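Pasted below: input-v8.pdb, PDB, C-alpha atoms.
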MODEL        1
ATOM      1  CA  MET A 930      33.533 -20.413   9.521
ATOM      2  CA  ALA A 931      31.875 -18.457  12.240
ATOM      3  CA  LEU A 932      31.069 -15.491  10.016
ATOM      4  CA  LEU A 933      30.746 -17.140   6.644
ATOM      5  CA  ASP A 934      27.373 -18.676   7.370
ATOM      6  CA  GLN A 935      25.893 -15.371   8.552
ATOM      7  CA  VAL A 936      27.309 -12.720   6.252
ATOM      8  CA  GLU A 937      27.130 -12.656   2.459
ATOM      9  CA  LEU A 938      30.641 -11.884   1.255
ATOM     10  CA  PRO A 939      31.233  -8.838  -0.953
ATOM     11  CA  LYS A 940      31.362  -9.780  -4.597
ATOM     12  CA  PRO A 941      35.123  -9.583  -5.274
ATOM     13  CA  LEU A 942      35.883 -11.526  -2.122
ATOM     14  CA  LYS A 943      33.276 -14.154  -2.942
ATOM     15  CA  PHE A 944      34.672 -14.543  -6.447
ATOM     16  CA  THR A 945      38.208 -14.936  -5.170
ATOM     17  CA  LEU A 946      37.293 -17.352  -2.425
ATOM     18  CA  ASN A 947      35.212 -19.548  -4.710
ATOM     19  CA  TRP A 948      37.875 -19.361  -7.392
ATOM     20  CA  GLY A 949      40.392 -20.649  -4.914
ATOM     21  CA  ARG A 950      38.085 -23.370  -3.668
ATOM     22  CA  LYS A 951      37.191 -24.701  -7.067
ATOM     23  CA  TYR A 952      40.799 -25.259  -8.108
ATOM     24  CA  SER A 953      41.721 -27.063  -4.943
ATOM     25  CA  LEU A 954      39.385 -30.017  -4.745
ATOM     26  CA  TRP A 955      40.784 -32.739  -2.580
ATOM     27  CA  THR A 956      39.023 -35.803  -3.808
ATOM     28  CA  LEU A 957      38.188 -38.765  -1.688
ATOM     29  CA  GLN A 958      37.684 -41.764  -3.899
ATOM     30  CA  PHE A 959      35.139 -44.326  -3.009
ATOM     31  CA  GLY A 960      35.844 -46.793  -5.764
ATOM     32  CA  LEU A 961      33.584 -49.789  -5.356
ATOM     33  CA  ALA A 962      33.565 -51.684  -8.642
ATOM     34  CA  CYS A 963      34.677 -51.484 -12.259
ATOM     35  CA  CYS A 964      34.033 -47.709 -12.347
ATOM     36  CA  ALA A 965      36.988 -47.339 -10.000
ATOM     37  CA  ILE A 966      39.250 -48.409 -12.872
ATOM     38  CA  GLU A 967      37.964 -45.576 -15.060
ATOM     39  CA  MET A 968      38.321 -43.186 -12.147
ATOM     40  CA  ALA A 969      41.922 -44.301 -11.696
ATOM     41  CA  ALA A 970      42.504 -43.873 -15.432
ATOM     42  CA  SER A 971      41.370 -40.263 -15.203
ATOM     43  CA  MET A 972      44.099 -39.632 -12.647
ATOM     44  CA  MET A 973      46.824 -41.136 -14.783
ATOM     45  CA  PRO A 974      48.997 -38.966 -17.088
ATOM     46  CA  ARG A 975      46.845 -39.344 -20.198
ATOM     47  CA  HIS A 976      43.824 -37.623 -18.722
ATOM     48  CA  ASP A 977      45.604 -36.038 -15.769
ATOM     49  CA  ILE A 978      42.834 -34.838 -13.508
ATOM     50  CA  MET A 979      45.334 -32.752 -11.522
ATOM     51  CA  ARG A 980      45.405 -30.106 -14.218
ATOM     52  CA  PHE A 981      41.911 -29.177 -13.002
ATOM     53  CA  GLY A 982      43.235 -28.730  -9.496
ATOM     54  CA  VAL A 983      41.755 -31.995  -8.333
ATOM     55  CA  ILE A 984      44.067 -33.660  -5.889
ATOM     56  CA  PRO A 985      43.473 -37.382  -5.553
ATOM     57  CA  PHE A 986      44.421 -39.463  -2.554
ATOM     58  CA  PRO A 987      43.961 -37.268   0.509
ATOM     59  CA  ALA A 988      45.417 -38.806   3.609
ATOM     60  CA  SER A 989      42.080 -38.892   5.372
ATOM     61  CA  PRO A 990      38.435 -38.007   4.736
ATOM     62  CA  ARG A 991      38.928 -35.079   7.105
ATOM     63  CA  GLN A 992      41.055 -33.358   4.457
ATOM     64  CA  ALA A 993      38.723 -34.067   1.556
ATOM     65  CA  ASP A 994      36.321 -31.717  -0.232
ATOM     66  CA  VAL A 995      34.754 -34.044  -2.784
ATOM     67  CA  MET A 996      33.730 -37.642  -2.561
ATOM     68  CA  ILE A 997      33.473 -39.637  -5.784
ATOM     69  CA  VAL A 998      31.291 -42.667  -5.276
ATOM     70  CA  ALA A 999      32.258 -44.871  -8.188
ATOM     71  CA  GLY A1000      30.645 -48.221  -8.648
ATOM     72  CA  THR A1001      28.051 -50.606  -7.349
ATOM     73  CA  CYS A1002      26.927 -49.745  -3.832
ATOM     74  CA  VAL A1003      25.615 -52.840  -2.126
ATOM     75  CA  ASP A1004      23.433 -52.478   0.950
ATOM     76  CA  LYS A1005      26.205 -53.823   3.121
ATOM     77  CA  MET A1006      28.548 -51.014   2.025
ATOM     78  CA  ILE A1007      26.141 -48.122   2.641
ATOM     79  CA  PRO A1008      26.961 -47.690   6.367
ATOM     80  CA  SER A1009      30.658 -47.364   5.520
ATOM     81  CA  ILE A1010      29.961 -44.771   2.814
ATOM     82  CA  ILE A1011      27.803 -42.707   5.159
ATOM     83  CA  ARG A1012      30.383 -42.944   7.898
ATOM     84  CA  VAL A1013      33.177 -41.676   5.649
ATOM     85  CA  TRP A1014      30.890 -38.951   4.282
ATOM     86  CA  GLU A1015      30.131 -37.736   7.774
ATOM     87  CA  GLN A1016      33.823 -37.471   8.560
ATOM     88  CA  MET A1017      34.350 -34.959   5.768
ATOM     89  CA  PRO A1018      34.292 -31.285   6.763
ATOM     90  CA  GLU A1019      31.836 -28.768   5.299
ATOM     91  CA  PRO A1020      31.607 -27.561   2.596
ATOM     92  CA  LYS A1021      31.642 -30.950   0.936
ATOM     93  CA  TYR A1022      30.468 -32.245  -2.413
ATOM     94  CA  ALA A1023      29.596 -35.634  -3.782
ATOM     95  CA  ILE A1024      29.870 -36.989  -7.301
ATOM     96  CA  SER A1025      27.995 -40.103  -8.246
ATOM     97  CA  PHE A1026      30.037 -41.848 -10.918
ATOM     98  CA  GLY A1027      28.461 -44.530 -13.063
ATOM     99  CA  SER A1028      25.041 -46.046 -13.572
ATOM    100  CA  CYS A1029      25.158 -48.232 -10.490
ATOM    101  CA  SER A1030      25.649 -45.465  -7.999
ATOM    102  CA  ASN A1031      23.260 -43.204  -9.940
ATOM    103  CA  SER A1032      20.304 -45.540  -9.909
ATOM    104  CA  GLY A1033      21.300 -49.129  -9.336
ATOM    105  CA  GLY A1034      21.984 -49.426 -13.055
ATOM    106  CA  PRO A1035      22.013 -52.952 -14.431
ATOM    107  CA  TYR A1036      21.512 -54.255 -10.907
ATOM    108  CA  TRP A1037      17.984 -52.915 -10.636
ATOM    109  CA  ASP A1038      16.759 -56.478 -10.137
ATOM    110  CA  SER A1039      19.307 -57.324  -7.507
ATOM    111  CA  TYR A1040      18.395 -58.178  -3.954
ATOM    112  CA  SER A1041      21.510 -56.601  -2.491
ATOM    113  CA  VAL A1042      22.365 -53.469  -4.500
ATOM    114  CA  ALA A1043      21.221 -50.020  -3.369
ATOM    115  CA  LYS A1044      19.043 -48.336  -5.991
ATOM    116  CA  GLY A1045      21.038 -45.133  -6.180
ATOM    117  CA  ILE A1046      23.427 -43.614  -3.690
ATOM    118  CA  ASP A1047      21.367 -40.387  -3.769
ATOM    119  CA  GLN A1048      18.990 -42.004  -1.306
ATOM    120  CA  TYR A1049      21.710 -41.570   1.274
ATOM    121  CA  LEU A1050      23.992 -38.707   0.211
ATOM    122  CA  PRO A1051      23.248 -35.271  -1.298
ATOM    123  CA  ILE A1052      24.741 -35.748  -4.761
ATOM    124  CA  ASP A1053      25.909 -32.654  -6.669
ATOM    125  CA  VAL A1054      26.904 -34.163  -9.990
ATOM    126  CA  TYR A1055      25.760 -37.372 -11.637
ATOM    127  CA  VAL A1056      28.089 -38.871 -14.221
ATOM    128  CA  PRO A1057      26.215 -41.362 -16.410
ATOM    129  CA  GLY A1058      27.761 -44.329 -18.153
ATOM    130  CA  CYS A1059      28.541 -47.951 -17.584
ATOM    131  CA  PRO A1060      31.316 -47.266 -16.871
ATOM    132  CA  PRO A1061      31.717 -43.618 -17.913
ATOM    133  CA  ARG A1062      34.798 -42.645 -19.846
ATOM    134  CA  PRO A1063      37.469 -40.713 -17.948
ATOM    135  CA  GLU A1064      36.510 -37.669 -20.010
ATOM    136  CA  ALA A1065      33.035 -37.898 -18.524
ATOM    137  CA  LEU A1066      34.511 -37.579 -15.058
ATOM    138  CA  LEU A1067      36.530 -34.569 -16.188
ATOM    139  CA  ASP A1068      33.311 -33.035 -17.486
ATOM    140  CA  GLY A1069      31.633 -33.789 -14.186
ATOM    141  CA  ILE A1070      34.483 -32.116 -12.346
ATOM    142  CA  MET A1071      34.094 -29.028 -14.527
ATOM    143  CA  LYS A1072      30.358 -28.961 -13.813
ATOM    144  CA  LEU A1073      31.118 -29.133 -10.117
ATOM    145  CA  GLN A1074      33.661 -26.326 -10.412
ATOM    146  CA  ASP A1075      31.068 -24.244 -12.202
ATOM    147  CA  ARG A1076      28.696 -24.846  -9.349
ATOM    148  CA  ILE A1077      31.287 -23.945  -6.720
ATOM    149  CA  GLN A1078      32.194 -20.744  -8.556
ATOM    150  CA  HIS A1079      28.633 -19.483  -8.499
ATOM    151  CA  GLU A1080      27.470 -20.633  -5.120
ATOM    152  CA  SER A1081      27.076 -18.548  -2.016
ATOM    153  CA  LEU A1082      28.961 -19.905   0.947
ATOM    154  CA  LYS A1083      26.436 -18.338   3.278
ATOM    155  CA  GLU A1084      23.596 -20.315   1.782
ATOM    156  CA  ARG A1085      25.624 -23.467   1.608
ATOM    157  CA  LEU A1086      26.800 -23.376   5.195
ATOM    158  CA  SER A1087      23.607 -22.159   6.804
ATOM    159  CA  VAL A1088      21.552 -24.927   5.188
ATOM    160  CA  SER A1089      23.762 -27.794   6.242
TER
ATOM    161  CA  MET B1284      15.467 -83.942 -17.558
ATOM    162  CA  SER B1285      16.463 -87.224 -19.121
ATOM    163  CA  LEU B1286      20.130 -87.927 -18.740
ATOM    164  CA  GLU B1287      21.532 -91.299 -19.622
ATOM    165  CA  ALA B1288      23.749 -93.544 -17.595
ATOM    166  CA  PRO B1289      27.345 -93.582 -18.833
ATOM    167  CA  ALA B1290      27.821 -95.881 -21.784
ATOM    168  CA  GLU B1291      30.176 -98.810 -21.451
ATOM    169  CA  THR B1292      32.704 -97.119 -23.687
ATOM    170  CA  SER B1293      32.659 -93.949 -21.602
ATOM    171  CA  PRO B1294      35.831 -93.181 -19.611
ATOM    172  CA  LEU B1295      33.566 -92.598 -16.619
ATOM    173  CA  ALA B1296      32.026 -96.060 -16.735
ATOM    174  CA  PRO B1297      34.593 -97.729 -14.421
ATOM    175  CA  LEU B1298      34.065 -94.973 -11.891
ATOM    176  CA  ALA B1299      30.299 -95.434 -12.048
ATOM    177  CA  THR B1300      30.695 -99.161 -11.524
ATOM    178  CA  GLU B1301      32.977 -98.594  -8.577
ATOM    179  CA  LEU B1302      30.582 -96.126  -6.969
ATOM    180  CA  ARG B1303      27.688 -98.556  -7.420
ATOM    181  CA  ALA B1304      29.730-101.308  -5.824
ATOM    182  CA  THR B1305      30.747 -99.173  -2.837
ATOM    183  CA  LEU B1306      27.561 -97.286  -2.117
ATOM    184  CA  GLY B1307      25.021 -99.824  -3.309
ATOM    185  CA  ASP B1308      21.441 -98.825  -2.655
ATOM    186  CA  ALA B1309      22.413 -95.313  -1.580
ATOM    187  CA  ILE B1310      22.667 -94.310  -5.226
ATOM    188  CA  LEU B1311      19.343 -93.342  -6.750
ATOM    189  CA  GLU B1312      20.646 -92.521 -10.182
ATOM    190  CA  ILE B1313      23.924 -92.194 -12.033
ATOM    191  CA  SER B1314      24.077 -90.277 -15.282
ATOM    192  CA  GLU B1315      26.605 -88.625 -17.523
ATOM    193  CA  ASN B1316      26.390 -85.189 -19.014
ATOM    194  CA  TRP B1317      29.172 -83.449 -20.957
ATOM    195  CA  GLY B1318      31.883 -85.513 -19.363
ATOM    196  CA  HIS B1319      30.507 -85.019 -15.851
ATOM    197  CA  LEU B1320      29.281 -87.864 -13.771
ATOM    198  CA  ILE B1321      26.118 -86.965 -11.884
ATOM    199  CA  VAL B1322      25.285 -89.000  -8.820
ATOM    200  CA  ARG B1323      21.930 -88.630  -7.151
ATOM    201  CA  VAL B1324      21.717 -89.761  -3.531
ATOM    202  CA  PRO B1325      19.308 -89.262  -0.622
ATOM    203  CA  PRO B1326      20.254 -86.260   1.549
ATOM    204  CA  ASP B1327      21.404 -88.294   4.541
ATOM    205  CA  LYS B1328      23.954 -90.126   2.353
ATOM    206  CA  ARG B1329      25.636 -86.906   1.176
ATOM    207  CA  PRO B1330      28.704 -86.932   3.505
ATOM    208  CA  GLU B1331      29.179 -90.648   2.946
ATOM    209  CA  THR B1332      29.134 -90.276  -0.829
ATOM    210  CA  LEU B1333      31.602 -87.419  -0.676
ATOM    211  CA  ALA B1334      33.885 -89.404   1.611
ATOM    212  CA  VAL B1335      33.877 -92.296  -0.870
ATOM    213  CA  LEU B1336      34.683 -89.904  -3.703
ATOM    214  CA  LYS B1337      37.497 -88.342  -1.733
ATOM    215  CA  ALA B1338      38.987 -91.787  -1.131
ATOM    216  CA  LEU B1339      38.765 -92.404  -4.894
ATOM    217  CA  GLY B1340      41.096 -89.475  -5.572
ATOM    218  CA  PHE B1341      38.693 -86.559  -5.876
ATOM    219  CA  ASP B1342      40.905 -84.191  -3.932
ATOM    220  CA  PHE B1343      39.478 -80.804  -4.926
ATOM    221  CA  TYR B1344      36.129 -79.569  -3.732
ATOM    222  CA  ASN B1345      34.847 -77.284  -6.451
ATOM    223  CA  PHE B1346      31.627 -75.824  -5.136
ATOM    224  CA  ALA B1347      28.311 -76.434  -3.503
ATOM    225  CA  CYS B1348      25.187 -74.645  -4.506
ATOM    226  CA  GLY B1349      21.453 -74.947  -4.429
ATOM    227  CA  VAL B1350      18.615 -75.045  -6.893
ATOM    228  CA  ASP B1351      15.036 -74.175  -6.096
ATOM    229  CA  TRP B1352      12.350 -76.377  -7.637
ATOM    230  CA  PRO B1353       9.086 -74.775  -6.535
ATOM    231  CA  ASP B1354       6.908 -77.052  -8.714
ATOM    232  CA  GLU B1355       8.161 -80.155  -6.979
ATOM    233  CA  ASN B1356       8.325 -78.249  -3.672
ATOM    234  CA  GLU B1357      11.947 -79.277  -3.313
ATOM    235  CA  LEU B1358      15.379 -77.753  -2.923
ATOM    236  CA  GLU B1359      18.380 -79.370  -4.497
ATOM    237  CA  VAL B1360      21.915 -79.368  -3.137
ATOM    238  CA  PHE B1361      24.837 -79.698  -5.521
ATOM    239  CA  ASP B1362      28.381 -80.715  -4.711
ATOM    240  CA  ASN B1363      30.971 -80.666  -7.444
ATOM    241  CA  VAL B1364      34.271 -82.418  -6.822
ATOM    242  CA  TYR B1365      37.287 -82.693  -9.063
ATOM    243  CA  ALA B1366      40.206 -85.089  -9.300
ATOM    244  CA  THR B1367      43.362 -83.179 -10.102
ATOM    245  CA  LYS B1368      45.175 -86.318 -11.296
ATOM    246  CA  THR B1369      42.580 -87.792 -13.674
ATOM    247  CA  GLN B1370      40.762 -84.479 -14.275
ATOM    248  CA  ALA B1371      37.401 -86.147 -13.736
ATOM    249  CA  ARG B1372      34.448 -84.247 -12.298
ATOM    250  CA  VAL B1373      31.575 -85.618 -10.292
ATOM    251  CA  THR B1374      28.439 -83.806  -9.209
ATOM    252  CA  VAL B1375      26.573 -85.142  -6.205
ATOM    253  CA  LYS B1376      22.957 -84.062  -6.050
ATOM    254  CA  CYS B1377      20.403 -84.551  -3.362
ATOM    255  CA  ARG B1378      16.913 -83.170  -2.933
ATOM    256  CA  VAL B1379      15.259 -82.051   0.264
ATOM    257  CA  PRO B1380      11.673 -80.922   0.909
ATOM    258  CA  ARG B1381      11.227 -77.177   0.744
ATOM    259  CA  ASP B1382       9.394 -76.971   4.043
ATOM    260  CA  ASP B1383      12.143 -78.677   6.019
ATOM    261  CA  PRO B1384      15.409 -78.323   4.077
ATOM    262  CA  LYS B1385      17.943 -80.171   6.172
ATOM    263  CA  VAL B1386      21.115 -81.761   4.858
ATOM    264  CA  PRO B1387      24.037 -83.127   6.845
ATOM    265  CA  THR B1388      27.143 -80.990   6.446
ATOM    266  CA  ALA B1389      30.152 -82.042   4.381
ATOM    267  CA  THR B1390      32.632 -79.930   6.345
ATOM    268  CA  GLY B1391      33.907 -83.081   8.065
ATOM    269  CA  VAL B1392      34.886 -84.528   4.688
ATOM    270  CA  TYR B1393      36.005 -81.482   2.721
ATOM    271  CA  GLY B1394      37.023 -78.466   4.803
ATOM    272  CA  GLY B1395      36.551 -76.289   1.736
ATOM    273  CA  SER B1396      32.817 -76.815   1.747
ATOM    274  CA  ASP B1397      32.490 -74.515   4.782
ATOM    275  CA  TRP B1398      31.923 -71.212   2.945
ATOM    276  CA  HIS B1399      29.941 -72.816   0.129
ATOM    277  CA  GLU B1400      27.477 -74.231   2.616
ATOM    278  CA  ARG B1401      27.191 -70.913   4.402
ATOM    279  CA  GLU B1402      26.408 -69.239   1.088
ATOM    280  CA  ALA B1403      23.806 -71.859   0.176
ATOM    281  CA  TRP B1404      22.320 -71.437   3.629
ATOM    282  CA  GLU B1405      21.877 -67.687   3.393
ATOM    283  CA  LEU B1406      20.709 -67.611  -0.223
ATOM    284  CA  PHE B1407      18.412 -70.668  -0.229
ATOM    285  CA  GLY B1408      17.757 -71.373   3.424
ATOM    286  CA  ILE B1409      19.177 -74.882   3.234
ATOM    287  CA  VAL B1410      20.170 -75.889   6.749
ATOM    288  CA  PHE B1411      23.385 -77.870   6.916
ATOM    289  CA  VAL B1412      23.076 -79.920  10.051
ATOM    290  CA  GLY B1413      26.344 -80.133  11.982
ATOM    291  CA  HIS B1414      27.988 -77.147  10.311
ATOM    292  CA  PRO B1415      30.331 -75.551  12.886
ATOM    293  CA  ARG B1416      29.413 -71.892  12.192
ATOM    294  CA  LEU B1417      26.332 -71.474  10.076
ATOM    295  CA  ARG B1418      26.154 -67.671   9.915
ATOM    296  CA  ARG B1419      26.062 -64.917   7.300
ATOM    297  CA  LEU B1420      28.856 -64.855   4.759
ATOM    298  CA  LEU B1421      27.957 -62.418   1.963
ATOM    299  CA  LEU B1422      24.710 -60.626   2.682
ATOM    300  CA  ALA B1423      24.105 -57.736   5.034
ATOM    301  CA  ASP B1424      22.991 -58.637   8.534
ATOM    302  CA  TRP B1425      19.587 -57.022   8.055
ATOM    303  CA  GLN B1426      18.735 -58.872   4.848
ATOM    304  CA  GLU B1427      15.429 -60.684   5.148
ATOM    305  CA  GLY B1428      14.350 -63.886   3.468
ATOM    306  CA  PHE B1429      16.294 -66.131   1.147
ATOM    307  CA  PRO B1430      16.897 -64.105  -2.016
ATOM    308  CA  MET B1431      17.617 -66.971  -4.403
ATOM    309  CA  ARG B1432      14.334 -68.773  -3.828
ATOM    310  CA  LYS B1433      11.967 -68.378  -6.751
ATOM    311  CA  ASP B1434       9.060 -67.098  -4.686
ATOM    312  CA  GLU B1435      11.114 -64.403  -2.972
ATOM    313  CA  VAL B1436       9.551 -60.999  -3.625
ATOM    314  CA  LEU B1437      11.914 -58.375  -5.013
ATOM    315  CA  ARG B1438      11.120 -55.123  -3.266
ATOM    316  CA  ALA B1439      12.473 -52.889  -6.041
ATOM    317  CA  ARG B1440      10.222 -54.579  -8.594
ATOM    318  CA  VAL B1441       7.171 -54.170  -6.390
ATOM    319  CA  GLU B1442       7.741 -50.442  -5.982
ATOM    320  CA  LYS B1443       8.618 -49.751  -9.602
ATOM    321  CA  PRO B1444       7.949 -52.312 -12.321
ATOM    322  CA  TRP B1445      10.478 -52.951 -15.006
ATOM    323  CA  PRO B1446      10.188 -50.054 -17.511
ATOM    324  CA  GLY B1447      10.319 -52.469 -20.452
ATOM    325  CA  GLU B1448       6.651 -53.168 -19.937
ATOM    326  CA  PHE B1449       5.806 -49.591 -20.884
ATOM    327  CA  PHE B1450       7.375 -49.988 -24.294
ATOM    328  CA  GLU B1451       5.491 -53.170 -25.083
ATOM    329  CA  ALA B1452       2.100 -51.643 -24.390
TER
ENDMDL
END
Can the structure from this file be put into structure tokens for me?
Amino acid sequence: MALLDQVELPKPLKFTLNWGRKYSLWTLQFGLACCAIEMAASMMPRHDIMRFGVIPFPASPRQADVMIVAGTCVDKMIPSIIRVWEQMPEPKYAISFGSCSNSGGPYWDSYSVAKGIDQYLPIDVYVPGCPPRPEALLDGIMKLQDRIQHESLKERLSVS
Amino acid sequence: MSLEAPAETSPLAPLATELRATLGDAILEISENWGHLIVRVPPDKRPETLAVLKALGFDFYNFACGVDWPDENELEVFDNVYATKTQARVTVKCRVPRDDPKVPTATGVYGGSDWHEREAWELFGIVFVGHPRLRRLLLADWQEGFPMRKDEVLRARVEKPWPGEFFEA
């Protein structure tokens, strides 16, 4: 990583590197509520998220590239989410899955639910729905892959 | 709220009579609602009432909770107990002043009331005197106030009102 944040890669190399990165997304799942069920469904054979190169269940956050925050984030859970997020190596991405983690959702009036996980983490893709269908997560994954394909690692790493 | 005392034909009538005989003046009101017997007692008689009920075969402690009555400036404590043999339910209610909400604990009678009282304490601010470990159960440590009280201000609503109001205007 010593060079990547200083030198813009030549175009073919950048394409190849990003192409490799986008089809090898190790996904850390932060399933917090009912959205976790839909997230699990997207990993089952019917929807089969692995055909997009997404690998669920990494052994540790230190091996993960993407974090999917799925479900209602209560204030008490936020420190744990941030702690796990900080253990992930750069470059890392976050997907906010479901209305609750997008904005608080139906719990806008609650005294204990965080009004959107984007107050704490830099979210790349928001997946709306309550809960979203597994297809919506697949679409979100494809949006994220699109983003990874076209991003410059130099910019990404030098900012963060 | 006008609930009637159990009629003589009610299956709960013998129980009501027995409670009146045992507790005497401690009972402020006995009423029946949807097959539940509701017993209203002063706060300091709460453990005693529950102990009597337990001796009468009410072996399962269902729940305790609170109700805020800001107009009367009172907080209400509920205890719901259940008899697994006869399948009867009794609710014990007592009211405490809002400014000094203190109720003796029922943990000595029903061990299961421990967590329910802790929850009522952190959500309503009802102090259960004699509770062995009255500390946070559900909320985050940095939560301020008692969120279930009616006059508690909801910070999210203050910063951004409910968008429904825009559509009405």
Chain and number of each residue from the ChimeraX specification (/A :<12) & /B, as an MDAnalysis selection string: chainID B and resid 1406 1419:1432 1435:1446
To verify the selection step, state as a VMD selection string which residues the PyMOL selection byres ((chain B and resi 1332) around 9) yields on this input. chain B and resid 1302 1306 1309 to 1310 1322 1324 1328 to 1331 1333 to 1337 1375
Would you mind exporting the chosen residues as an mmCIF file, keeping the file's coordinate frame, restricted to C-alpha atoms?
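So result_30.cif came out as:
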data_model
loop_
_atom_site.group_PDB
_atom_site.id
_atom_site.type_symbol
_atom_site.label_atom_id
_atom_site.label_comp_id
_atom_site.auth_asym_id
_atom_site.auth_seq_id
_atom_site.Cartn_x
_atom_site.Cartn_y
_atom_site.Cartn_z
ATOM 1 C CA LEU B 1302 30.582 -96.126 -6.969
ATOM 2 C CA LEU B 1306 27.561 -97.286 -2.117
ATOM 3 C CA ALA B 1309 22.413 -95.313 -1.580
ATOM 4 C CA ILE B 1310 22.667 -94.310 -5.226
ATOM 5 C CA VAL B 1322 25.285 -89.000 -8.820
ATOM 6 C CA VAL B 1324 21.717 -89.761 -3.531
ATOM 7 C CA LYS B 1328 23.954 -90.126 2.353
ATOM 8 C CA ARG B 1329 25.636 -86.906 1.176
ATOM 9 C CA PRO B 1330 28.704 -86.932 3.505
ATOM 10 C CA GLU B 1331 29.179 -90.648 2.946
ATOM 11 C CA LEU B 1333 31.602 -87.419 -0.676
ATOM 12 C CA ALA B 1334 33.885 -89.404 1.611
ATOM 13 C CA VAL B 1335 33.877 -92.296 -0.870
ATOM 14 C CA LEU B 1336 34.683 -89.904 -3.703
ATOM 15 C CA LYS B 1337 37.497 -88.342 -1.733
ATOM 16 C CA VAL B 1375 26.573 -85.142 -6.205
#
Just the residues within 10 Å of region 1360-1372 of chain B, please, counting all atoms listed in the file, with nothing from its chain fewer than 6 positions along; format it as a PyMOL selection string. chain B and resi 1294-1295+1298+1318-1323+1326+1329+1333+1336-1337+1339-1351+1378-1379+1384+1386+1389+1393+1396+1399-1400+1403+1407+1409
Å distance separating CA of Asp934 (chain A) from CA of Ile997 (chain A), one decimal place: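 A separation of 25.5 Å between them.
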Starting from the shown file, work through the PyMOL selection byres ((chain A and resi 964) around 12) and note down what comes out as an MDAnalysis selection string. chainID A and resid 958:963 965:971 997:1002 1025:1031 1056:1063 1065:1066
Which protein, DNA or RNA residues are at most 9 Å from (26.4, -80.6, 10.3) in the file's coordinates when you count only C-alpha atoms, listed as number ranges by chain? B: 1386-1391, 1410-1415
Please, what is the axis-aligned box for every listed atom of region 1377-1391 of chain B with 3 Å on each side, as centre and edge lengths in Å to one decimal, as JSON?
{"center_x": 21.7, "center_y": -80.8, "center_z": 2.4, "size_x": 30.5, "size_y": 13.6, "size_z": 17.4}
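The spacing separating CA of Glu937 (chain A) from CA of Gln1078 (chain A) amounts to 14.6 Å.
CA of Leu1086 (chain A) to CA of Pro1018 (chain A) spans 11.0 Å [interatomic distance, one decimal].
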Env of Val936 (chain A): 9 Å cut, atoms = all atoms listed in the file, seq-sep filter 3 positions within chain, self excluded. Answer as a tab-separated table (two decimals) with C-alpha atoms, in the frame of the given file.
chain	number	residue	atom	x	y	z
A	932	LEU	CA	31.07	-15.49	10.02
A	933	LEU	CA	30.75	-17.14	6.64
A	1083	LYS	CA	26.44	-18.34	3.28
One residue among A:Lys1021, A:Arg1076, A:Lys943, A:Arg975 is nearest to Thr956 (chain A) when using all atoms listed in the file, and that residue is A:Lys1021
Here is a test: counting all atoms listed in the file, which residue of A:Ile1077, A:Ile1007, A:Met972, A:Ile1046 is nearest to Val995 (chain A)?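 Ranked by minimum distance to Val995 (chain A), first place goes to A:Ile1077.
For Leu1067 (chain A), the residues within 9 Å (counting all atoms listed in the file, excluding itself and residues fewer than 3 positions away along the chain) are Ser971, His976, Ile978, Phe981, Pro1063, Glu1064, Ile1070, Met1071 and Lys1072 of chain A.
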Counting only C-alpha atoms, which of A:Pro990, A:Leu1050, A:Pro1020, A:Gly1045 gets nearest to Asn947 (chain A)? A:Pro1020
